[in-house]
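Q: What follows is a single structure, and I will ask about it in a moment.
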Amino acid sequence: MNDCIFCKIINNEIPSEKVFESEEIIAFKDINPQAPVHILVIPKRHIDGADTLEKEDAELAGRLILAVARIAEQFHLGGGYRIVTNIGKDGGQTVRHLHFHLLGGEILKDSF
Ligand code: 5GP
Ligand code: ZN
C-alpha cells in the first residue's frame with residue numbers, strides 16, 4: 001500500500017527501532033509508548049486489520065501471536081503483558097495495517 005506508514009517502515013523508507021524480524025513479520029518499538037514496553041508486531045504483507053483476515057491467513061495470524069509471545073520473553077515480561085489489536089475507526093485503529101500492540105513492563109491499567 002503506497003501511503004501506508006507501516007509498509008514504509010517495512011521498506012525502511014521510515015526509520016524504526018526494530019526488535020524482531022522474520023521472513024513475514026517485523027516488530028518495532030511504538031513511537032508513542034503507552035507502557036515501558038510497547039512494541040508493534042506486524043505482518044510484512046499488507047493486511048488492513050484483523051477484520052480482513054482470510055481463512056488462508058490463519059497460520060500467519062497464529063505466527064504473529066507466537067512472535068508476540070517470543071518478544072515478550074525477550075523483554076522479560078514473565079509477570080504478564082497485554083496484546084491489543086484495534087479495528088477500524090470505532091475501535092481506535094489509526095494505522096490501517098494489521099498490528100498487535102505488545103504492552104508491558106508495569107502493572108497495566110484496565111484500558112489503554
Ligand atoms: P492504532 O492506533 O492503529 O492501534 O496504533 C497505531 C500505533 O502506531 C500507535 O500506537 C502509534 O503511536 C504508532 N505509530 C504511528 N506512526 C508510527 C511511526 O511512524 N513509527 C512508530 N514506531 N510507531 C508509529
Ligand atoms: Zn501497510
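Letters for chains follow the order of the C-alpha cells (A, B, ...), residue numbers begin at 1 for each chain, and ligand numbers begin at 1 in the order shown.
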From chain A, collect each residue whose DSSP state is alpha helix (DSSP H) and return the set as number ranges by chain.
A: A: 5-10, 58-74
Q: Give one line per residue of chain A that approaches ligand 1 to at most 6 Å, naming the two atoms of the closest pair and their distance in Å to one decimal, counting only C-alpha atoms and all ligand atoms; sort by chain then ascending residue number and deliver it as a Markdown table.
A:
```
| residue | atom | partner | partner_atom_place_in_ligand_line | distance |
| --- | --- | --- | --- | --- |
| A:Ser16 | CA | ligand 1 | 22 (N) | 5.3 |
| A:Lys29 | CA | ligand 1 | 22 (N) | 5.2 |
| A:Asp30 | CA | ligand 1 | 22 (N) | 4.1 |
| A:Ile31 | CA | ligand 1 | 22 (N) | 4.0 |
| A:Asn32 | CA | ligand 1 | 12 (O) | 4.2 |
| A:Asn86 | CA | ligand 1 | 4 (O) | 4.7 |
| A:Gly92 | CA | ligand 1 | 2 (O) | 5.5 |
| A:Gln93 | CA | ligand 1 | 3 (O) | 3.5 |
| A:Thr94 | CA | ligand 1 | 3 (O) | 3.6 |
| A:Val95 | CA | ligand 1 | 3 (O) | 4.0 |
```
Q: Mind running chain A against ligand 2 at 9 Å and telling me each contacting residue's nearest atom pair with the distance in Å (one decimal), counting only C-alpha atoms and all ligand atoms, chain and number ascending, as CSV?
A:
```
residue,atom,partner,partner_atom_place_in_ligand_line,distance
A:Met1,CA,ligand 2,1 (Zn),5.3
A:Asn2,CA,ligand 2,1 (Zn),7.8
A:Asp3,CA,ligand 2,1 (Zn),7.8
A:Cys4,CA,ligand 2,1 (Zn),4.5
A:Ile5,CA,ligand 2,1 (Zn),6.5
A:Phe6,CA,ligand 2,1 (Zn),5.0
A:Cys7,CA,ligand 2,1 (Zn),3.9
A:Lys8,CA,ligand 2,1 (Zn),7.4
A:Ile9,CA,ligand 2,1 (Zn),8.8
A:Ile10,CA,ligand 2,1 (Zn),8.3
A:Pro43,CA,ligand 2,1 (Zn),8.7
A:Lys44,CA,ligand 2,1 (Zn),7.8
A:Arg45,CA,ligand 2,1 (Zn),7.2
A:His46,CA,ligand 2,1 (Zn),4.3
A:Ile47,CA,ligand 2,1 (Zn),6.7
A:Asp48,CA,ligand 2,1 (Zn),7.2
A:Val95,CA,ligand 2,1 (Zn),8.3
A:Arg96,CA,ligand 2,1 (Zn),7.0
A:His97,CA,ligand 2,1 (Zn),4.7
A:Leu98,CA,ligand 2,1 (Zn),7.8
```
Q: Can I get the selection written as a compact mmCIF listing (two decimals), in the first residue's frame, with N, CA and C atoms?
A:
```txt
# COMPACT_ATOMS: atom_id res chain seq x y z
N MET A 1 0.85 -1.21 0.00
CA MET A 1 0.00 0.00 0.00
C MET A 1 0.88 1.24 0.00
N ASN A 2 0.69 2.10 -0.96
CA ASN A 2 1.57 3.25 -1.18
C ASN A 2 1.68 4.20 0.00
N ASP A 3 0.52 4.53 0.59
CA ASP A 3 0.54 5.56 1.62
C ASP A 3 0.45 4.98 3.03
N CYS A 4 0.80 3.71 3.17
CA CYS A 4 0.70 3.06 4.47
C CYS A 4 2.02 3.26 5.25
N ILE A 5 1.91 3.88 6.42
CA ILE A 5 3.10 4.17 7.24
C ILE A 5 3.86 2.88 7.57
N PHE A 6 3.11 1.82 7.91
CA PHE A 6 3.79 0.60 8.32
C PHE A 6 4.44 -0.10 7.13
N CYS A 7 3.86 -0.02 5.94
CA CYS A 7 4.54 -0.56 4.77
C CYS A 7 5.84 0.21 4.53
N LYS A 8 5.82 1.51 4.79
CA LYS A 8 7.05 2.32 4.64
C LYS A 8 8.10 1.91 5.67
N ILE A 9 7.66 1.58 6.87
CA ILE A 9 8.60 1.08 7.89
C ILE A 9 9.19 -0.25 7.43
N ILE A 10 8.34 -1.13 6.90
CA ILE A 10 8.81 -2.43 6.40
C ILE A 10 9.87 -2.22 5.31
N PRO A 43 2.54 -8.03 10.17
CA PRO A 43 2.93 -8.83 9.02
C PRO A 43 3.58 -7.93 7.96
N LYS A 44 4.54 -8.47 7.24
CA LYS A 44 5.18 -7.67 6.17
C LYS A 44 4.20 -7.47 5.00
N ARG A 45 3.34 -8.45 4.80
CA ARG A 45 2.32 -8.31 3.76
C ARG A 45 1.20 -7.41 4.30
N HIS A 46 0.82 -6.42 3.51
CA HIS A 46 -0.22 -5.50 3.98
C HIS A 46 -1.56 -6.22 4.11
N ILE A 47 -2.08 -6.17 5.33
CA ILE A 47 -3.44 -6.63 5.63
C ILE A 47 -4.06 -5.48 6.41
N ASP A 48 -5.26 -5.07 6.06
CA ASP A 48 -5.85 -3.87 6.68
C ASP A 48 -5.99 -3.99 8.20
N VAL A 95 -3.74 3.33 12.31
CA VAL A 95 -2.93 2.86 11.17
C VAL A 95 -3.59 1.60 10.64
N ARG A 96 -4.06 1.69 9.42
CA ARG A 96 -4.85 0.60 8.82
C ARG A 96 -3.91 -0.43 8.17
N HIS A 97 -3.06 -1.00 9.00
CA HIS A 97 -2.21 -2.14 8.63
C HIS A 97 -2.19 -2.99 9.89
N LEU A 98 -2.63 -4.23 9.76
CA LEU A 98 -2.77 -5.10 10.93
C LEU A 98 -1.56 -5.01 11.86
```
Q: Could you jot down the CA of Pro15 in chain A to CA of Ile42 in chain A separation for me, Å, one decimal place?
A: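 Those two atoms sit 15.2 Å apart.
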Q: Using only C-alpha atoms, pick whichever of A:Glu24, A:Gln74, A:Ile87, A:Leu40 has the shortest atom-to-atom distance to Asp57 in chain A.
A: A:Glu24
